[in-house]
>>> print(open('model.txt').read())   # compact mmCIF, C-alpha atoms and all ligand atoms
# COMPACT_ATOMS: atom_id res chain seq x y z
CA MET A 1 103.15 85.19 96.74
CA ASN A 2 101.88 83.48 99.86
CA LEU A 3 103.15 81.65 102.91
CA LEU A 4 102.81 78.22 101.33
CA ALA A 5 104.85 79.29 98.30
CA LEU A 6 107.56 80.71 100.60
CA GLN A 7 107.69 77.44 102.52
CA GLN A 8 107.97 75.55 99.20
CA MET A 9 110.87 77.81 98.19
CA LYS A 10 112.67 76.75 101.36
CA ALA A 11 111.95 73.07 100.65
CA GLN A 12 113.33 73.48 97.10
CA GLY A 13 116.39 75.43 98.22
CA GLU A 14 115.44 78.66 96.42
CA LYS A 15 116.58 81.69 98.41
CA ILE A 16 113.93 84.26 99.40
CA ALA A 17 114.56 87.99 98.79
CA VAL A 18 113.04 90.28 101.42
CA LEU A 19 113.31 94.07 101.62
CA THR A 20 111.79 96.62 103.95
CA SER A 21 109.19 98.91 102.42
CA TYR A 22 107.28 101.84 103.84
CA ASP A 23 105.47 103.46 100.89
CA ALA A 24 103.63 102.64 97.67
CA SER A 25 106.37 103.78 95.27
CA PHE A 26 109.11 101.61 96.76
CA ALA A 27 106.67 98.74 97.23
CA ALA A 28 105.77 98.82 93.51
CA LEU A 29 109.43 99.08 92.46
CA SER A 30 110.57 96.26 94.75
CA ASP A 31 107.68 94.09 93.66
CA LYS A 32 108.58 94.67 89.99
CA ALA A 33 112.23 93.85 90.74
CA GLY A 34 111.23 90.42 92.09
CA VAL A 35 111.31 90.92 95.86
CA GLU A 36 109.13 88.16 97.32
CA VAL A 37 108.44 89.62 100.77
CA LEU A 38 108.00 93.29 101.71
CA LEU A 39 108.62 93.93 105.39
CA VAL A 40 106.90 97.02 106.76
CA GLY A 41 109.55 97.23 109.45
CA ASP A 42 109.40 99.37 112.55
CA SER A 43 112.87 100.41 111.37
CA LEU A 44 110.76 103.19 109.85
CA GLY A 45 111.21 104.84 113.24
CA MET A 46 114.77 105.51 112.15
CA THR A 47 114.62 105.62 108.34
CA ILE A 48 111.38 107.63 107.94
CA GLN A 49 110.86 109.35 111.29
CA GLY A 50 114.49 110.09 112.23
CA HIS A 51 114.43 108.56 115.72
CA SER A 52 117.46 106.75 117.12
CA SER A 53 115.52 103.51 117.79
CA THR A 54 112.29 101.69 116.88
CA LEU A 55 110.75 102.34 120.30
CA PRO A 56 108.71 105.50 119.53
CA VAL A 57 106.85 103.91 116.59
CA SER A 58 103.09 103.64 117.16
CA LEU A 59 100.48 101.18 115.96
CA ARG A 60 98.92 104.01 113.94
CA ASP A 61 102.24 104.58 112.17
CA MET A 62 102.44 100.89 111.29
CA GLU A 63 98.84 100.82 110.05
CA TYR A 64 99.45 103.87 107.86
CA HIS A 65 102.64 102.54 106.28
CA THR A 66 101.13 99.06 105.81
CA ARG A 67 98.24 100.65 103.90
CA CYS A 68 100.71 102.58 101.71
CA VAL A 69 102.74 99.44 100.93
CA ALA A 70 99.62 97.34 100.26
CA ASN A 71 98.47 99.98 97.76
CA GLY A 72 101.76 99.70 95.83
CA ALA A 73 102.44 95.95 95.97
CA LYS A 74 100.94 93.55 93.43
CA ASN A 75 102.57 90.20 94.10
CA ALA A 76 104.83 90.39 97.14
CA PHE A 77 103.82 88.98 100.52
CA ILE A 78 103.43 91.76 103.11
CA VAL A 79 104.75 91.31 106.65
CA THR A 80 104.26 94.10 109.20
CA ASP A 81 106.13 94.61 112.46
CA MET A 82 104.02 94.91 115.58
CA PRO A 83 105.49 97.98 117.30
CA PHE A 84 106.90 98.08 120.82
CA GLY A 85 104.19 97.83 123.48
CA SER A 86 101.48 96.59 121.11
CA TYR A 87 101.77 92.83 121.80
CA GLN A 88 103.88 92.11 124.91
CA LYS A 89 101.13 92.48 127.54
CA THR A 90 98.70 89.65 126.75
CA PRO A 91 97.79 87.44 123.78
CA GLU A 92 94.44 89.25 123.66
CA GLN A 93 96.17 92.64 123.36
CA ALA A 94 98.36 91.21 120.58
CA PHE A 95 95.29 89.87 118.73
CA GLU A 96 93.41 93.17 118.84
CA ASN A 97 96.39 95.09 117.47
CA ALA A 98 97.44 92.44 114.94
CA ALA A 99 93.87 92.44 113.57
CA LEU A 100 94.19 96.18 112.85
CA LEU A 101 97.43 95.59 110.94
CA MET A 102 95.86 92.75 108.95
CA ALA A 103 92.91 95.02 108.12
CA ALA A 104 95.41 97.61 106.87
CA GLY A 105 96.87 95.08 104.40
CA ALA A 106 99.42 92.96 106.29
CA GLN A 107 99.42 89.26 105.46
CA MET A 108 101.56 88.34 108.46
CA VAL A 109 102.73 90.16 111.59
CA LYS A 110 106.22 90.01 113.07
CA ILE A 111 106.91 89.97 116.80
CA GLU A 112 110.21 89.95 118.66
CA GLY A 113 111.17 87.41 121.33
CA GLY A 114 111.47 83.69 122.05
CA ALA A 115 109.99 81.52 124.81
CA ILE A 116 108.05 84.41 126.38
CA MET A 117 106.07 84.87 123.12
CA LEU A 118 104.94 81.26 122.59
CA ASP A 119 101.43 81.67 124.05
CA THR A 120 100.92 84.80 121.95
CA VAL A 121 102.10 83.05 118.76
CA ARG A 122 99.68 80.16 119.40
CA PHE A 123 96.83 82.56 120.21
CA LEU A 124 97.29 84.55 116.99
CA VAL A 125 97.87 81.58 114.68
CA GLU A 126 94.86 79.68 116.02
CA ARG A 127 92.77 82.75 115.18
CA GLY A 128 94.01 83.05 111.60
CA ILE A 129 96.85 85.54 111.94
CA PRO A 130 100.17 84.31 110.48
CA VAL A 131 103.15 85.18 112.68
CA CYS A 132 106.82 85.75 111.89
CA GLY A 133 109.23 85.43 114.84
CA HIS A 134 112.33 87.58 115.31
CA LEU A 135 115.35 86.34 117.33
CA GLY A 136 118.96 87.39 117.85
CA LEU A 137 119.31 91.15 117.95
CA THR A 138 115.77 92.25 118.73
CA PRO A 139 115.86 96.05 118.24
CA GLN A 140 112.91 96.73 120.57
CA SER A 141 115.13 95.44 123.41
CA VAL A 142 118.11 97.57 122.42
CA HIS A 143 118.43 99.15 125.87
CA GLN A 144 118.40 95.78 127.57
CA LEU A 145 120.92 94.36 125.09
CA GLY A 146 123.27 97.31 125.56
CA GLY A 147 123.31 98.40 121.92
CA TYR A 148 123.13 97.00 118.40
CA ARG A 149 125.61 94.14 118.77
CA VAL A 150 126.05 90.54 117.66
CA GLN A 151 123.99 88.10 119.78
CA ALA A 152 124.31 84.44 120.85
CA LYS A 153 128.09 84.32 120.58
CA ASP A 154 128.66 81.81 123.41
CA GLU A 155 127.49 78.23 123.63
CA ALA A 156 124.76 78.77 126.22
CA THR A 157 123.07 81.70 124.44
CA ALA A 158 123.43 79.96 121.05
CA ARG A 159 121.72 76.84 122.46
CA ARG A 160 118.91 78.97 123.91
CA LEU A 161 118.37 80.72 120.57
CA LEU A 162 118.21 77.38 118.75
CA GLU A 163 115.64 76.10 121.27
CA ASP A 164 113.61 79.32 120.97
CA ALA A 165 113.58 78.96 117.16
CA LYS A 166 112.35 75.37 117.35
CA ALA A 167 109.69 76.32 119.92
CA LEU A 168 108.44 79.26 117.80
CA ALA A 169 108.16 76.98 114.74
CA GLN A 170 106.31 74.38 116.80
CA ALA A 171 103.95 77.03 118.21
CA GLY A 172 102.94 77.91 114.65
CA SER A 173 105.24 80.72 113.50
CA GLY A 174 105.30 80.66 109.71
CA MET A 175 108.62 82.43 109.26
CA LEU A 176 111.55 83.59 111.38
CA VAL A 177 113.91 86.57 111.13
CA LEU A 178 117.38 86.10 112.62
CA GLU A 179 119.32 89.33 113.16
CA MET A 180 123.04 89.72 113.87
CA VAL A 181 123.99 86.21 114.95
CA PRO A 182 127.00 84.07 114.00
CA ALA A 183 126.66 82.52 110.53
CA ALA A 184 127.19 78.95 111.80
CA LEU A 185 124.36 79.32 114.33
CA ALA A 186 122.01 80.76 111.67
CA ALA A 187 122.86 77.79 109.43
CA ALA A 188 122.03 75.37 112.25
CA VAL A 189 118.70 77.12 112.95
CA SER A 190 117.78 77.10 109.24
CA GLN A 191 118.39 73.34 109.13
CA ALA A 192 116.57 72.64 112.39
CA VAL A 193 113.21 74.24 111.52
CA HIS A 194 110.80 73.63 108.63
CA ILE A 195 109.85 77.32 108.28
CA PRO A 196 111.80 79.88 106.20
CA VAL A 197 114.57 81.60 108.17
CA ILE A 198 115.37 85.08 106.89
CA GLY A 199 118.73 86.50 107.92
CA ILE A 200 120.05 90.01 108.40
CA GLY A 201 123.68 89.94 109.47
CA ALA A 202 123.26 86.18 109.89
CA GLY A 203 125.35 84.79 107.01
CA LYS A 204 124.57 83.21 103.67
CA TYR A 205 123.10 79.87 104.85
CA CYS A 206 119.70 81.23 105.86
CA ASP A 207 116.71 80.51 103.61
CA GLY A 208 116.49 84.16 102.60
CA GLN A 209 117.88 87.62 103.31
CA VAL A 210 116.40 90.93 104.37
CA LEU A 211 117.90 94.42 104.29
CA VAL A 212 116.54 97.85 105.13
CA VAL A 213 115.95 99.49 101.75
CA GLN A 214 117.62 102.79 102.69
CA ASP A 215 120.73 100.88 103.82
CA MET A 216 121.12 98.89 100.59
CA LEU A 217 120.62 102.06 98.52
CA GLY A 218 123.19 103.94 100.61
CA ILE A 219 120.76 106.73 101.50
CA TYR A 220 120.43 106.27 105.27
CA ALA A 221 122.07 109.23 107.02
CA GLY A 222 123.18 107.18 110.04
CA LYS A 223 125.99 104.66 110.33
CA SER A 224 125.74 101.72 107.95
CA PRO A 225 126.01 98.33 109.71
CA ARG A 226 128.79 95.97 108.60
CA PHE A 227 126.30 93.44 107.18
CA VAL A 228 124.99 95.91 104.56
CA ARG A 229 126.11 96.10 100.92
CA ASN A 230 125.38 99.26 98.96
CA PHE A 231 123.72 97.96 95.79
CA MET A 232 123.56 101.46 94.23
CA GLN A 233 127.28 101.18 93.58
CA GLY A 234 127.48 100.10 89.95
CA ALA A 235 123.71 100.33 89.36
CA ALA A 236 122.20 102.78 86.87
CA ASN A 237 119.08 103.41 88.97
CA ILE A 238 117.13 102.23 92.02
CA GLU A 239 115.22 99.54 90.15
CA GLN A 240 118.51 98.09 88.91
CA ALA A 241 119.97 98.15 92.44
CA ILE A 242 116.99 96.22 93.81
CA THR A 243 117.09 93.76 90.88
CA ASP A 244 120.81 93.21 91.59
CA TYR A 245 120.01 92.61 95.29
CA VAL A 246 117.42 89.96 94.40
CA ALA A 247 119.88 88.28 92.00
CA ALA A 248 122.68 88.34 94.61
CA VAL A 249 120.42 86.76 97.25
CA LYS A 250 119.32 84.04 94.82
CA ALA A 251 122.91 83.33 93.73
CA GLN A 252 124.14 83.47 97.35
CA THR A 253 126.78 86.06 96.43
CA PHE A 254 125.20 88.26 99.11
CA PRO A 255 125.90 88.17 101.99
CA ALA A 256 129.63 87.55 101.57
CA VAL A 257 131.98 86.67 104.41
CA GLU A 258 132.67 90.36 105.11
CA HIS A 259 128.93 90.90 105.79
CA SER A 260 128.77 88.00 108.29
CA PHE A 261 129.81 87.32 111.87
CA GLU A 262 131.65 84.37 113.42
O1 LIG A 301 112.24 96.72 111.33
C1 LIG A 301 112.92 96.14 110.49
O2 LIG A 301 113.26 96.66 109.43
C2 LIG A 301 113.34 94.79 110.79
C3 LIG A 301 114.47 94.22 109.99
C4 LIG A 301 115.72 94.81 110.45
C5 LIG A 301 114.49 92.75 110.01
O3 LIG A 301 112.83 94.17 111.68
>>> encode(input="model.txt", output="structure tokens")
Amino acid sequence: MNLLALQQMKAQGEKIAVLTSYDASFAALSDKAGVEVLLVGDSLGMTIQGHSSTLPVSLRDMEYHTRCVANGAKNAFIVTDMPFGSYQKTPEQAFENAALLMAAGAQMVKIEGGAIMLDTVRFLVERGIPVCGHLGLTPQSVHQLGGYRVQAKDEATARRLLEDAKALAQAGSGMLVLEMVPAALAAAVSQAVHIPVIGIGAGKYCDGQVLVVQDMLGIYAGKSPRFVRNFMQGAANIEQAITDYVAAVKAQTFPAVEHSFE
């Protein structure tokens, strides 16, 4: 799997299945089950480390887990989150830290934010580092956003998000994650940009879907967000649950209306 193939999937209307992954065992299982993109998400701050947000996650943590995932994955494309504080200061700071993640096995790095990140996106892409944007609910800004809540619900913020998405794509982002935004807005963004748009709590009309693996297996101890479906229900084992997730994303039976926001 590579970025070009993912962009061709979008062009051909084939939905992309993305799942978070933090270790070699789950990476191998997800890969075998047909997951196309493994996201080494800084959600590991919650799922692996037991924090209440992604903010305490370090670059070293992300390097370590990227290495673990890269050791387990055979085919899937590996995207790694740049942790809080590792890319916001200057494009040069972002490059130095992104290079460490690429050396650990990432094939693309993900950064949160819109207009403010455009120079950094250009700087990284021009130097050979593929970048995935992340708009909507950006968990590293949770304290500024006032919690984990649906974003861009009014016309002005929806318009700004759409403009940010177009600008990120134009600056060279190769992929975009949209988190917790109204389904109609996510559909409009997916149509407006040429790059794959991967939704989480963003409705069924995105080009692909991502879930946190612990959430979709029903093993996260915290509260499960409304946009999650527990794929272990009715599955004989974890591999079957992940295979069912991939099939549901491809068939667009997940996410259903009850997993989406208006
Ligand atoms: O860190 C993560 O797992 C993520 C997903 C929620 C998209 O960024």
>>> atom_distance(input="model.txt", atom1="atom CA of A:Val189", atom2="atom CA of A:Met9")
16.7 Å
>>> atom_distance(input="model.txt", atom1="atom CA of A:Lys89", atom2="atom CA of A:Val18")
28.8 Å
>>> residues_near_ligand(input="model.txt", ligand="ligand LIG 301 (chain A)", cutoff="8 Å", atoms="all atoms listed in the file", output="number ranges by chain")
A: 20, 39-44, 54, 81, 110, 134, 138-139, 177-179, 199-200, 210-212
>>> atom_distance(input="model.txt", atom1="atom CA of A:Pro83", atom2="atom CA of A:Glu112")
9.4 Å
>>> closest_residue(input="model.txt", among="A:Ala98, A:Thr120, A:Leu19, A:Ala104", to="A:Met216", atoms="all atoms listed in the file")
A:Leu19
>>> closest_residue(input="model.txt", among="A:Pro225, A:Gly136, A:Pro255, A:Gly208", to="A:Val181", atoms="all atoms listed in the file")
A:Gly136
>>> closest_residue(input="model.txt", among="A:Ser86, A:Ile129, A:Ser173, A:Glu239", to="A:Pro56", atoms="all atoms listed in the file")
A:Ser86
>>> closest_residue(input="model.txt", among="A:Arg229, A:Arg149, A:Arg122, A:Lys204", to="A:Ala169", atoms="all atoms listed in the file")
A:Arg122
>>> closest_residue(input="model.txt", among="A:Gln88, A:Thr47, A:Ser30, A:Gln214", to="A:Val69", atoms="only C-alpha atoms")
A:Ser30
>>> residues_near_point(input="model.txt", point="(123.9, 82.4, 112.8)", cutoff="10 Å", atoms="all atoms listed in the file", output="count of residues only")
32
>>> closest_residue(input="model.txt", among="A:Ser25, A:Thr243, A:Gln7, A:Gln49", to="A:Tyr220", atoms="all atoms listed in the file")
A:Gln49
>>> axis_aligned_box(input="model.txt", around="stretch 93-112 of chain A", padding_each_side="8 Å", output="lines of an AutoDock Vina configuration file")
center_x = 101.6
center_y = 93.0
center_z = 113.9
size_x = 33.3
size_y = 25.3
size_z = 35.0
>>> residues_around(input="model.txt", residues="A:Asp119", least_positions_apart="2", cutoff="10 Å", atoms="all atoms listed in the file", output="PyMOL selection string")
chain A and resi 90-91+115-117+121-124+168+171
>>> residues_around(input="model.txt", residues="A:Gln240", least_positions_apart="5", cutoff="10 Å", atoms="all atoms listed in the file", output="list in words")
Leu29, Ala33, Phe231, Met232, Gly234, Ala235, Tyr245 and Val246 of chain A
